[in-house]
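Raw upload11.csv, CSV, C-alpha atoms and all ligand atoms:
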```csv
chain,number,residue,atom,x,y,z
A,535,HIS,CA,21.7,22.3,25.3
A,536,PRO,CA,19.2,24.6,27.0
A,537,ARG,CA,17.7,25.5,23.6
A,538,ASP,CA,16.3,21.9,23.3
A,539,LEU,CA,14.4,22.5,26.6
A,540,LEU,CA,13.3,25.9,25.4
A,541,ARG,CA,11.7,24.2,22.3
A,542,ALA,CA,9.9,21.7,24.5
A,543,ILE,CA,8.1,24.2,26.7
A,544,THR,CA,5.3,26.4,25.4
A,545,GLU,CA,6.1,30.1,25.5
A,546,GLU,CA,3.9,31.4,28.2
A,547,HIS,CA,4.7,33.2,31.4
A,548,GLU,CA,1.4,34.2,33.0
A,549,HIS,CA,2.0,31.8,36.0
A,550,LEU,CA,5.2,33.6,36.8
A,551,GLN,CA,3.4,36.8,37.9
A,552,ALA,CA,2.1,35.0,40.9
A,553,LEU,CA,5.7,34.7,42.3
A,554,ALA,CA,6.1,38.5,42.7
A,555,ASN,CA,6.8,39.3,46.3
A,556,ARG,CA,6.0,35.7,47.4
A,557,HIS,CA,8.1,33.8,50.0
A,558,VAL,CA,9.7,30.6,48.9
A,559,ALA,CA,9.6,28.2,51.9
A,560,SER,CA,8.8,24.9,50.3
A,561,ALA,CA,8.9,23.1,47.0
A,562,ALA,CA,5.3,22.2,47.6
A,563,GLN,CA,4.3,25.8,46.7
A,564,PHE,CA,5.0,25.3,43.0
A,565,ASP,CA,2.6,23.8,40.5
A,566,ARG,CA,3.6,22.2,37.3
A,567,ASP,CA,2.9,25.2,35.0
A,568,GLN,CA,4.8,27.6,37.3
A,569,LEU,CA,7.8,25.2,37.3
A,570,LEU,CA,7.8,24.8,33.5
A,571,GLN,CA,7.7,28.5,33.0
A,572,LEU,CA,10.5,29.0,35.4
A,573,PHE,CA,12.5,26.3,33.6
A,574,ARG,CA,11.9,28.1,30.3
A,575,LEU,CA,13.1,31.4,31.7
A,576,ALA,CA,16.2,29.7,33.2
A,577,ALA,CA,16.9,28.0,29.8
A,578,LYS,CA,16.5,31.4,28.1
A,579,TYR,CA,19.1,32.9,30.5
A,580,GLU,CA,21.4,29.9,30.0
A,581,ALA,CA,21.0,29.9,26.2
A,582,ASN,CA,21.7,33.7,26.1
A,583,PRO,CA,24.6,34.1,28.6
A,584,ASP,CA,25.7,37.4,27.2
A,585,ARG,CA,22.3,39.1,27.2
A,586,PHE,CA,22.4,39.9,30.9
A,587,LEU,CA,25.8,41.6,30.5
A,588,THR,CA,24.0,44.2,28.3
A,589,PRO,CA,22.1,47.1,29.8
A,590,ILE,CA,19.0,45.0,30.6
A,591,LYS,CA,20.0,44.6,34.3
A,592,PRO,CA,16.6,43.6,35.6
A,593,LEU,CA,17.7,43.8,39.2
A,594,SER,CA,19.4,47.2,39.0
A,595,GLY,CA,18.7,49.2,42.1
A,596,LYS,CA,17.6,46.0,44.1
A,597,LEU,CA,19.5,44.8,47.2
A,598,LEU,CA,19.8,41.1,48.2
A,599,ILE,CA,20.4,40.1,51.8
A,600,SER,CA,22.3,36.9,51.6
A,601,ALA,CA,22.1,35.4,55.2
A,602,PHE,CA,24.0,32.1,55.5
A,603,TYR,CA,24.1,30.9,59.1
A,604,GLU,CA,25.3,27.5,58.0
A,605,PRO,CA,28.2,26.8,55.6
A,606,SER,CA,27.6,26.8,51.9
A,607,THR,CA,29.7,26.9,48.7
A,608,ARG,CA,27.2,26.5,45.9
A,609,THR,CA,23.9,27.9,47.2
A,610,ARG,CA,25.3,31.2,48.5
A,611,LEU,CA,27.7,31.8,45.6
A,612,SER,CA,25.2,30.8,42.9
A,613,PHE,CA,22.5,33.1,44.4
A,614,GLU,CA,25.0,35.9,44.7
A,615,SER,CA,26.3,35.3,41.2
A,616,ALA,CA,22.7,35.2,39.9
A,617,TRP,CA,21.8,38.5,41.6
A,618,HIS,CA,25.0,40.2,40.4
A,619,ARG,CA,24.5,39.0,36.8
A,620,LEU,CA,21.1,40.6,36.9
A,621,GLY,CA,22.6,43.9,38.0
A,622,GLY,CA,21.6,44.0,41.7
A,623,ASP,CA,23.7,44.6,44.8
A,624,ILE,CA,24.3,42.3,47.7
A,625,MET,CA,24.8,42.4,51.5
A,626,SER,CA,26.2,39.1,52.8
A,627,ILE,CA,26.2,37.5,56.2
A,628,THR,CA,28.3,34.3,56.4
A,629,ASP,CA,28.7,33.9,60.2
A,630,ARG,CA,25.8,34.3,62.7
A,631,THR,CA,28.3,35.1,65.5
A,632,THR,CA,28.9,38.5,63.8
A,633,THR,CA,25.2,39.5,64.1
A,634,GLY,CA,22.8,40.2,67.0
A,635,ILE,CA,21.9,36.6,67.0
A,636,ALA,CA,25.1,36.0,69.1
A,637,LYS,CA,23.5,38.3,71.7
A,638,GLY,CA,20.3,36.4,71.7
A,639,GLU,CA,18.4,38.5,69.2
A,640,SER,CA,15.4,36.6,67.7
A,641,LEU,CA,15.2,35.8,64.0
A,642,SER,CA,11.9,37.6,63.8
A,643,ASP,CA,13.6,40.8,65.2
A,644,VAL,CA,16.4,40.4,62.7
A,645,ALA,CA,13.8,40.0,59.9
A,646,GLU,CA,12.1,43.2,61.0
A,647,MET,CA,15.5,45.0,60.5
A,648,PHE,CA,16.0,43.3,57.1
A,649,ASN,CA,12.8,45.0,55.9
A,650,ASN,CA,14.6,48.3,56.1
A,651,TYR,CA,17.8,47.2,54.3
A,652,GLY,CA,17.0,45.1,51.3
A,653,ASP,CA,14.5,43.8,48.7
A,654,CYS,CA,14.8,40.1,49.1
A,655,VAL,CA,16.4,37.7,51.7
A,656,VAL,CA,18.0,34.3,51.0
A,657,LEU,CA,18.3,32.4,54.2
A,658,ARG,CA,20.2,29.2,55.2
A,659,ASP,CA,19.9,28.0,58.7
A,660,SER,CA,20.3,24.7,60.5
A,661,ASN,CA,17.0,25.2,62.3
A,662,GLU,CA,13.9,23.9,60.6
A,663,ASP,CA,11.7,26.8,61.9
A,664,SER,CA,14.1,29.6,60.9
A,665,VAL,CA,12.3,30.5,57.7
A,666,MET,CA,8.9,30.5,59.4
A,667,GLN,CA,10.3,32.7,62.2
A,668,MET,CA,11.6,35.3,59.8
A,669,MET,CA,8.4,35.2,57.7
A,670,ARG,CA,6.4,36.4,60.7
A,671,SER,CA,8.1,39.8,60.5
A,672,LEU,CA,9.2,40.1,56.9
A,673,ARG,CA,7.5,42.3,54.3
A,674,ILE,CA,10.1,41.5,51.7
A,675,PRO,CA,10.3,38.0,50.1
A,676,ILE,CA,12.5,35.3,51.6
A,677,ILE,CA,13.9,32.2,49.9
A,678,ASN,CA,14.6,29.1,51.9
A,679,ALA,CA,18.2,28.1,51.0
A,680,GLY,CA,18.2,25.1,53.2
A,681,ASN,CA,16.5,24.9,56.7
A,682,GLY,CA,17.9,22.0,58.7
A,683,THR,CA,16.9,18.6,57.3
A,684,ASP,CA,13.6,20.0,56.1
A,685,GLU,CA,13.8,21.5,52.6
A,686,HIS,CA,16.0,23.1,50.0
A,687,PRO,CA,13.5,24.1,47.3
A,688,THR,CA,15.8,25.9,44.8
A,689,GLN,CA,18.2,23.0,44.9
A,690,ALA,CA,15.4,20.7,43.8
A,691,MET,CA,14.4,23.1,41.1
A,692,SER,CA,17.9,23.0,39.8
A,693,ASP,CA,17.9,19.2,40.0
A,694,LEU,CA,14.7,18.9,38.0
A,695,TYR,CA,15.9,21.6,35.5
A,696,THR,CA,19.0,19.4,34.9
A,697,ILE,CA,16.9,16.3,34.3
A,698,LEU,CA,14.7,18.1,31.8
A,699,LYS,CA,17.7,19.6,30.0
A,700,TRP,CA,19.2,16.1,29.8
A,701,ARG,CA,16.0,14.7,28.3
A,702,PRO,CA,13.4,17.4,27.2
A,703,ALA,CA,11.3,14.7,25.5
A,704,LEU,CA,10.2,13.5,29.0
A,705,LEU,CA,7.7,16.4,28.9
A,706,GLU,CA,5.8,14.5,26.2
A,707,GLU,CA,5.1,11.9,28.9
A,708,LYS,CA,5.0,8.9,26.5
A,709,PRO,CA,4.6,5.8,28.7
A,710,GLU,CA,7.4,4.0,26.9
A,711,ASP,CA,9.9,6.8,27.7
A,712,ARG,CA,9.3,7.0,31.4
A,713,ILE,CA,12.4,7.0,33.5
A,714,LYS,CA,13.5,5.2,36.7
A,715,ILE,CA,15.0,7.4,39.3
A,716,GLY,CA,17.2,6.0,42.1
A,717,ILE,CA,17.6,8.1,45.3
A,718,ILE,CA,20.5,6.8,47.4
A,719,GLY,CA,19.9,7.7,51.0
A,720,VAL,CA,17.2,8.4,53.6
A,721,PRO,CA,14.5,10.9,52.4
A,722,ARG,CA,13.5,11.8,55.9
A,723,ARG,CA,16.9,13.3,56.7
A,724,MET,CA,17.9,14.8,53.3
A,725,ARG,CA,16.5,18.2,52.6
A,726,THR,CA,17.4,18.3,48.9
A,727,VAL,CA,15.6,14.9,48.5
A,728,ARG,CA,12.6,16.0,50.4
A,729,SER,CA,12.2,19.0,48.1
A,730,LEU,CA,13.0,17.0,45.0
A,731,LEU,CA,10.4,14.4,45.7
A,732,LYS,CA,7.8,17.1,46.1
A,733,LEU,CA,8.7,18.5,42.7
A,734,LEU,CA,8.8,15.1,41.0
A,735,SER,CA,5.3,14.4,42.3
A,736,ARG,CA,4.2,17.3,40.0
A,737,PHE,CA,5.4,15.2,37.0
A,738,PRO,CA,4.3,11.6,37.7
A,739,GLY,CA,3.7,11.0,34.0
A,740,MET,CA,7.4,11.1,33.1
A,741,ILE,CA,8.5,8.7,35.9
A,742,ASP,CA,8.2,5.0,35.9
A,743,GLU,CA,9.2,4.7,39.5
A,744,VAL,CA,11.4,6.2,42.2
A,745,VAL,CA,13.6,3.7,44.0
A,746,VAL,CA,14.9,4.7,47.4
A,747,ILE,CA,18.1,2.8,48.0
A,748,HIS,CA,19.3,2.7,51.6
A,749,ASP,CA,21.7,0.6,53.7
A,750,GLY,CA,19.1,-0.7,56.1
A,751,GLN,CA,20.5,1.1,59.1
A,752,ASP,CA,17.7,3.6,59.4
A,753,LYS,CA,14.3,2.1,60.0
A,754,GLU,CA,12.4,5.4,59.4
A,755,LEU,CA,13.1,6.2,55.7
A,756,TYR,CA,10.3,8.8,55.5
A,757,SER,CA,8.8,11.4,57.8
A,758,PRO,CA,5.2,10.9,58.9
A,759,GLN,CA,2.8,11.0,55.9
A,760,GLN,CA,5.7,11.8,53.5
A,761,ARG,CA,5.4,8.5,51.5
A,762,GLU,CA,1.6,8.5,51.5
A,763,ARG,CA,1.4,12.1,50.3
A,764,LEU,CA,3.8,11.4,47.4
A,765,MET,CA,2.0,8.2,46.4
A,766,LYS,CA,-1.3,10.1,46.5
A,767,ASP,CA,0.2,12.6,44.1
A,768,GLY,CA,0.9,9.8,41.7
A,769,LEU,CA,4.6,9.0,42.4
A,770,LYS,CA,5.4,5.3,42.4
A,771,LEU,CA,7.9,4.6,45.3
A,772,ARG,CA,9.8,1.5,46.0
A,773,GLU,CA,12.6,0.8,48.5
A,774,SER,CA,15.7,-1.4,48.1
A,775,THR,CA,18.9,-2.2,50.0
A,776,ASP,CA,20.6,-3.7,46.9
A,777,LEU,CA,22.5,-0.9,45.1
A,778,ALA,CA,24.3,-3.3,42.7
A,779,ALA,CA,21.0,-4.9,41.6
A,780,GLU,CA,19.2,-1.6,41.1
A,781,LEU,CA,21.9,0.4,39.3
A,782,PRO,CA,21.7,-1.3,35.8
A,783,GLU,CA,18.0,-0.3,35.6
A,784,LEU,CA,18.2,3.3,36.7
A,785,ASP,CA,18.2,6.3,34.3
A,786,VAL,CA,18.9,8.9,36.9
A,787,VAL,CA,20.9,8.2,40.1
A,788,TYR,CA,20.7,10.8,42.8
A,789,ILE,CA,23.2,10.5,45.6
A,790,ASN,CA,24.0,12.7,48.6
A,791,ALA,CA,25.5,11.6,51.9
A,792,ILE,CA,25.9,14.7,54.0
A,793,ALA,CA,23.2,16.1,56.3
A,794,TRP,CA,23.5,19.1,58.6
A,795,VAL,CA,22.2,18.4,62.0
A,796,LYS,CA,22.4,21.3,64.5
A,797,ASP,CA,26.0,22.7,64.2
A,798,ASP,CA,27.7,19.9,62.6
A,799,PHE,CA,27.3,17.4,59.7
A,800,GLU,CA,26.5,13.7,59.6
A,801,VAL,CA,27.6,11.4,56.9
A,802,MET,CA,24.8,9.0,56.1
A,803,GLY,CA,24.6,5.8,54.0
A,804,ASN,CA,28.3,5.8,53.4
A,805,ASN,CA,28.1,2.1,52.7
A,806,LEU,CA,26.5,3.0,49.4
A,807,LYS,CA,29.1,4.4,47.0
A,808,LEU,CA,29.4,5.1,43.3
A,809,ASN,CA,32.6,4.9,41.2
A,810,SER,CA,33.5,4.4,37.5
A,811,LYS,CA,33.2,0.6,38.0
A,812,SER,CA,29.6,0.7,39.3
A,813,PRO,CA,27.2,-1.2,37.1
A,814,LEU,CA,25.5,1.9,35.7
A,815,LYS,CA,23.3,1.9,32.6
A,816,PRO,CA,25.5,3.4,29.8
A,817,SER,CA,23.1,6.3,29.4
A,818,ALA,CA,22.5,6.9,33.1
A,819,ILE,CA,23.2,10.3,34.6
A,820,ILE,CA,24.3,10.9,38.2
A,821,LEU,CA,23.1,13.9,40.2
A,822,HIS,CA,24.6,15.1,43.5
A,823,PRO,CA,23.8,18.4,45.2
A,824,LEU,CA,27.4,18.5,46.5
A,825,ALA,CA,29.5,18.8,48.6
A,826,ARG,CA,30.5,15.2,48.2
A,827,GLY,CA,32.2,12.8,50.4
A,828,ASP,CA,33.7,9.4,49.4
A,829,GLU,CA,30.2,8.2,48.3
A,830,LEU,CA,30.9,9.7,44.8
A,831,CYS,CA,34.3,8.8,43.5
A,832,THR,CA,36.2,11.4,41.4
A,833,SER,CA,36.8,8.6,38.9
A,834,LEU,CA,33.3,9.4,37.6
A,835,ASP,CA,34.1,13.0,36.9
A,836,ASP,CA,35.4,12.4,33.4
A,837,THR,CA,32.6,10.0,32.4
A,838,PRO,CA,29.3,10.9,30.6
A,839,HIS,CA,27.5,10.0,33.9
A,840,ASN,CA,28.7,13.2,35.4
A,841,TRP,CA,25.8,15.6,35.3
A,842,TYR,CA,26.5,16.9,38.8
A,843,PHE,CA,28.8,19.7,37.7
A,844,ALA,CA,26.2,20.7,35.1
A,845,GLN,CA,23.6,20.6,37.9
A,846,ALA,CA,25.6,23.1,39.9
A,847,ARG,CA,26.2,25.3,36.9
A,848,GLY,CA,22.5,25.3,35.9
A,849,ALA,CA,21.5,26.4,39.4
A,850,VAL,CA,22.8,29.9,38.6
A,851,PHE,CA,20.3,30.3,35.7
A,852,MET,CA,17.5,28.6,37.7
A,853,ARG,CA,18.0,31.1,40.5
A,854,MET,CA,18.2,34.0,38.1
A,855,ALA,CA,14.8,33.0,36.8
A,856,LEU,CA,13.3,32.7,40.2
A,857,LEU,CA,14.8,36.0,41.5
A,858,THR,CA,13.6,37.9,38.4
A,859,CYS,CA,10.0,36.9,39.1
A,860,MET,CA,10.1,37.5,42.8
A,861,VAL,CA,11.2,41.1,42.4
A,862,GLN,CA,8.6,41.7,39.7
A,863,ARG,CA,10.9,42.2,36.8
A,864,THR,CA,9.5,39.3,34.7
A,865,GLU,CA,8.0,41.4,31.9
A,866,MET,CA,11.2,43.2,31.5
A,867,VAL,CA,13.3,40.1,30.7
A,868,MET,CA,10.6,38.2,28.8
A,869,ASP,CA,10.3,41.1,26.3
A,870,VAL,CA,14.0,41.3,25.7
A,871,LEU,CA,15.6,37.8,26.0
A,901,LIG,N1,23.9,22.1,47.1
A,901,LIG,C1,24.2,22.8,48.2
A,901,LIG,O1,23.3,23.2,49.0
A,901,LIG,O2,25.5,23.1,48.3
A,901,LIG,P1,26.1,24.1,49.4
A,901,LIG,O3,25.9,23.4,50.8
A,901,LIG,O4,27.5,24.3,49.0
A,901,LIG,O5,25.3,25.3,49.3
```
Could you render the structure from this file as structure tokens?
Ligand code: CP
Amino acid sequence: HPRDLLRAITEEHEHLQALANRHVASAAQFDRDQLLQLFRLAAKYEANPDRFLTPIKPLSGKLLISAFYEPSTRTRLSFESAWHRLGGDIMSITDRTTTGIAKGESLSDVAEMFNNYGDCVVLRDSNEDSVMQMMRSLRIPIINAGNGTDEHPTQAMSDLYTILKWRPALLEEKPEDRIKIGIIGVPRRMRTVRSLLKLLSRFPGMIDEVVVIHDGQDKELYSPQQRERLMKDGLKLRESTDLAAELPELDVVYINAIAWVKDDFEVMGNNLKLNSKSPLKPSAIILHPLARGDELCTSLDDTPHNWYFAQARGAVFMRMALLTCMVQRTEMVMDVL
């Protein structure tokens, strides 16, 4: 329950003020204290789901520009749900061909227009440079909701928030309680994983090791310096091609097989699959950012390993916490919740 996580994090919020009007381009921007305080605020929202239906409405009078130039179910709708729940209004773009981009307008010109229309932008685009292009002209904050194969920072926040709700005692960082995390796939090509590894590297004391499990097809598992940087931050990384041998040792199994590349998607690592017969540790949880393919069998949905639906649900509260801080309404909610 989110209340257990609330109890595990000290009640402070001074690091949240620094998020006001800041862009969110990469998971690397967040330090440990800021993340913990965001998780605490998310848990407060999740533990008090009725409070934001009251007249608090911290985003009342604020407008979100929800610009999704690539398909999305969870990210767009959870951001929009979060913004609505906080009392704000939304303008949504779900198809780039209905905008000036179809006529060759640059993203930086579009961003210049966004300054006049809203208070915050959430952008998903298949192009890695899209967020940077918009940031050049934006005077309102932007959140990277997935830029090509580069990053998806708020997904990673939701992933880590889920892990900490599952086991809040990890924050005590007792060496004997450290967990093993398995990542199934190729970190170089998975934006959710690239962001998650950056966040995990802020908490090396709660992780025994991260095992990257791949099918051996892709020789470049990491982007240049990615592995070295993570190791330097204290994350222990190991690689394996033997899923069956690794699974019985893993506490958290993170799987995802779909990557957007240009205007289409690729299915990666589809030799590596999980189902209810997989030799999982009885206490292990499975995380998946979804949408899933046949790498994650629905036979797991009714098992205690299924934390992927909770992961998607928690993303609403995680995004509520972040949005509240970015539009400078932190004090308002901390006083009331
Ligand atoms: N997790 C995630 O990014 O899902 P969507 O593609 O549906 O937004």
>> Using only C-alpha atoms and all ligand atoms for the distances, tell me which of A:Asp653, A:Asp538, A:Asp693, A:Asp623 is nearest to ligand LIG 901 (chain A).
In response: A:Asp693
Show me a table, sorted first by chain and then by increasing residue number, of the residues of chain A having an atom at most 12 Å from ligand LIG 901 (chain A), each with its shortest atom pair and the distance in Å to one decimal, counting only C-alpha atoms and all ligand atoms and written as a Markdown table.
```
| residue | atom | partner | partner_atom | distance |
| --- | --- | --- | --- | --- |
| A:Phe602 | CA | A:LIG901 | O5 | 9.3 |
| A:Tyr603 | CA | A:LIG901 | O3 | 11.3 |
| A:Glu604 | CA | A:LIG901 | O3 | 8.3 |
| A:Pro605 | CA | A:LIG901 | O3 | 6.3 |
| A:Ser606 | CA | A:LIG901 | O5 | 3.8 |
| A:Thr607 | CA | A:LIG901 | O4 | 3.4 |
| A:Arg608 | CA | A:LIG901 | O4 | 3.8 |
| A:Thr609 | CA | A:LIG901 | O5 | 3.6 |
| A:Arg610 | CA | A:LIG901 | O5 | 6.0 |
| A:Leu611 | CA | A:LIG901 | O5 | 7.9 |
| A:Ser612 | CA | A:LIG901 | O5 | 8.4 |
| A:Phe613 | CA | A:LIG901 | O5 | 9.6 |
| A:Glu614 | CA | A:LIG901 | O5 | 11.6 |
| A:Thr628 | CA | A:LIG901 | O5 | 11.8 |
| A:Val656 | CA | A:LIG901 | O5 | 11.7 |
| A:Leu657 | CA | A:LIG901 | O5 | 11.1 |
| A:Arg658 | CA | A:LIG901 | O5 | 8.7 |
| A:Asp659 | CA | A:LIG901 | O3 | 10.9 |
| A:Ser660 | CA | A:LIG901 | O3 | 11.3 |
| A:Asn678 | CA | A:LIG901 | O1 | 10.9 |
| A:Ala679 | CA | A:LIG901 | O1 | 7.3 |
| A:Gly680 | CA | A:LIG901 | O1 | 6.9 |
| A:Asn681 | CA | A:LIG901 | O1 | 10.4 |
| A:Gly682 | CA | A:LIG901 | O1 | 11.2 |
| A:Thr683 | CA | A:LIG901 | O1 | 11.4 |
| A:Glu685 | CA | A:LIG901 | O1 | 10.3 |
| A:His686 | CA | A:LIG901 | O1 | 7.4 |
| A:Pro687 | CA | A:LIG901 | O1 | 10.0 |
| A:Thr688 | CA | A:LIG901 | O1 | 9.0 |
| A:Gln689 | CA | A:LIG901 | N1 | 6.2 |
| A:Ala690 | CA | A:LIG901 | N1 | 9.2 |
| A:Met691 | CA | A:LIG901 | N1 | 11.3 |
| A:Ser692 | CA | A:LIG901 | N1 | 9.5 |
| A:Asp693 | CA | A:LIG901 | N1 | 9.7 |
| A:Met724 | CA | A:LIG901 | O1 | 10.9 |
| A:Arg725 | CA | A:LIG901 | O1 | 9.2 |
| A:Thr726 | CA | A:LIG901 | O1 | 7.7 |
| A:Val727 | CA | A:LIG901 | N1 | 11.1 |
| A:Ser729 | CA | A:LIG901 | O1 | 11.9 |
| A:Ile789 | CA | A:LIG901 | N1 | 11.7 |
| A:Asn790 | CA | A:LIG901 | N1 | 9.5 |
| A:Ala791 | CA | A:LIG901 | N1 | 11.7 |
| A:Ile792 | CA | A:LIG901 | O3 | 9.3 |
| A:Ala793 | CA | A:LIG901 | O3 | 9.5 |
| A:Trp794 | CA | A:LIG901 | O3 | 9.2 |
| A:Phe799 | CA | A:LIG901 | O3 | 10.8 |
| A:Leu821 | CA | A:LIG901 | N1 | 10.7 |
| A:His822 | CA | A:LIG901 | N1 | 7.9 |
| A:Pro823 | CA | A:LIG901 | N1 | 4.2 |
| A:Leu824 | CA | A:LIG901 | N1 | 5.1 |
| A:Ala825 | CA | A:LIG901 | O4 | 5.9 |
| A:Arg826 | CA | A:LIG901 | O2 | 9.3 |
| A:Tyr842 | CA | A:LIG901 | N1 | 10.1 |
| A:Phe843 | CA | A:LIG901 | N1 | 10.9 |
| A:Gln845 | CA | A:LIG901 | N1 | 9.3 |
| A:Ala846 | CA | A:LIG901 | N1 | 7.5 |
| A:Arg847 | CA | A:LIG901 | N1 | 10.9 |
| A:Gly848 | CA | A:LIG901 | N1 | 11.7 |
| A:Ala849 | CA | A:LIG901 | N1 | 9.1 |
| A:Val850 | CA | A:LIG901 | N1 | 11.6 |
```
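In this comparison, which uses all atoms listed in the file, the residue of A:Ala778, A:Ala552, A:Leu539, A:Ala703 approaching A:Asp749 most closely is A:Ala778.
Every protein or nucleic acid residue with an atom no more than 10 Å from A:Val786, counting only C-alpha atoms and leaving out same-chain residues fewer than 2 positions away, appears here: Ile697, Ile713, Lys714, Ile715, Gly716, Ile717, Val744, Leu781, Glu783, Leu784, Tyr788, Ile789, Leu814, Lys815, Ser817, Ala818, Ile819, Ile820, Leu821, His839 and Trp841 of chain A.
Residues in contact with A:Leu698 at up to 9 Å, not including ones fewer than 6 positions away on its chain and judged by all atoms listed in the file, are Leu539, Phe573, Leu704 and Leu705 of chain A.
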> If we count all atoms listed in the file, what is near A:Ser735 at a cut-off of 9 Å, once residues fewer than 2 positions away on the same chain are taken out, given as an MDAnalysis selection string?
Replying inline: chainID A and resid 730:733 737:738 764:769
>> Which residues are close to stretch 828-835 of chain A, i.e. within 7 Å by all atoms listed in the file, leaving aside same-chain residues fewer than 2 positions away? Reply as a list in words.
In response: Ala791, Asn804, Leu806, Lys807, Leu808, Asn809, Ser810, Arg826, Thr837, His839 and Asn840 of chain A
Residues from the last selection, C-alpha atoms, saved as a CSV table (one decimal), keeping the file's coordinate frame:
```
chain,number,residue,atom,x,y,z
A,791,ALA,CA,25.5,11.6,51.9
A,804,ASN,CA,28.3,5.8,53.4
A,806,LEU,CA,26.5,3.0,49.4
A,807,LYS,CA,29.1,4.4,47.0
A,808,LEU,CA,29.4,5.1,43.3
A,809,ASN,CA,32.6,4.9,41.2
A,810,SER,CA,33.5,4.4,37.5
A,826,ARG,CA,30.5,15.2,48.2
A,837,THR,CA,32.6,10.0,32.4
A,839,HIS,CA,27.5,10.0,33.9
A,840,ASN,CA,28.7,13.2,35.4
```
> Pick from A:Arg736, A:Arg670, A:Lys578, A:His618: nearest to A:Phe564, with only C-alpha atoms counted?
Replying inline: A:Arg736
>> Please determine, counting all atoms listed in the file, which residue among A:Met625, A:Ile590, A:Leu641, A:Leu771 has the shortest atom-to-atom distance to A:Ile741.
In response: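 Of A:Met625, A:Ile590, A:Leu641, A:Leu771, the one nearest A:Ile741, counting all atoms listed in the file, is A:Leu771.
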>> Would you pick out the contacts of stretch 754-761 of chain A at 6 Å or less, using all atoms listed in the file, so that residues sharing its chain but fewer than 3 positions from it are not included, and give the list as a PyMOL selection string?
In response: chain A and resi 720-722+764
> How many Å lie between atom CA of A:Val655 and atom CA of A:Glu546, rounded to one decimal?
Replying inline: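 Atom CA of A:Val655 sits 27.4 Å away from atom CA of A:Glu546.
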>> So the first atom is atom CA of A:Val665 and the second is atom CA of A:Leu620; what is the distance between them in Å, to one decimal place?
In response: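 These two atoms are separated by 24.7 Å.
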>> Using Å and a single decimal, report how far atom CA of A:Asp629 sits from atom CA of A:Thr858.
In response: 26.8 Å
>> Considering all atoms listed in the file, can you say which of A:Ile627, A:Met666, A:Leu777, A:Leu672 comes closest to A:Asp684?
In response: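 Nearest candidate to A:Asp684 out of A:Ile627, A:Met666, A:Leu777, A:Leu672: A:Met666.
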> So which one's closest to A:Ala562, A:Asp752, A:Glu773, A:Pro536, A:Arg728? Using all atoms listed in the file, please.
Replying inline: A:Arg728
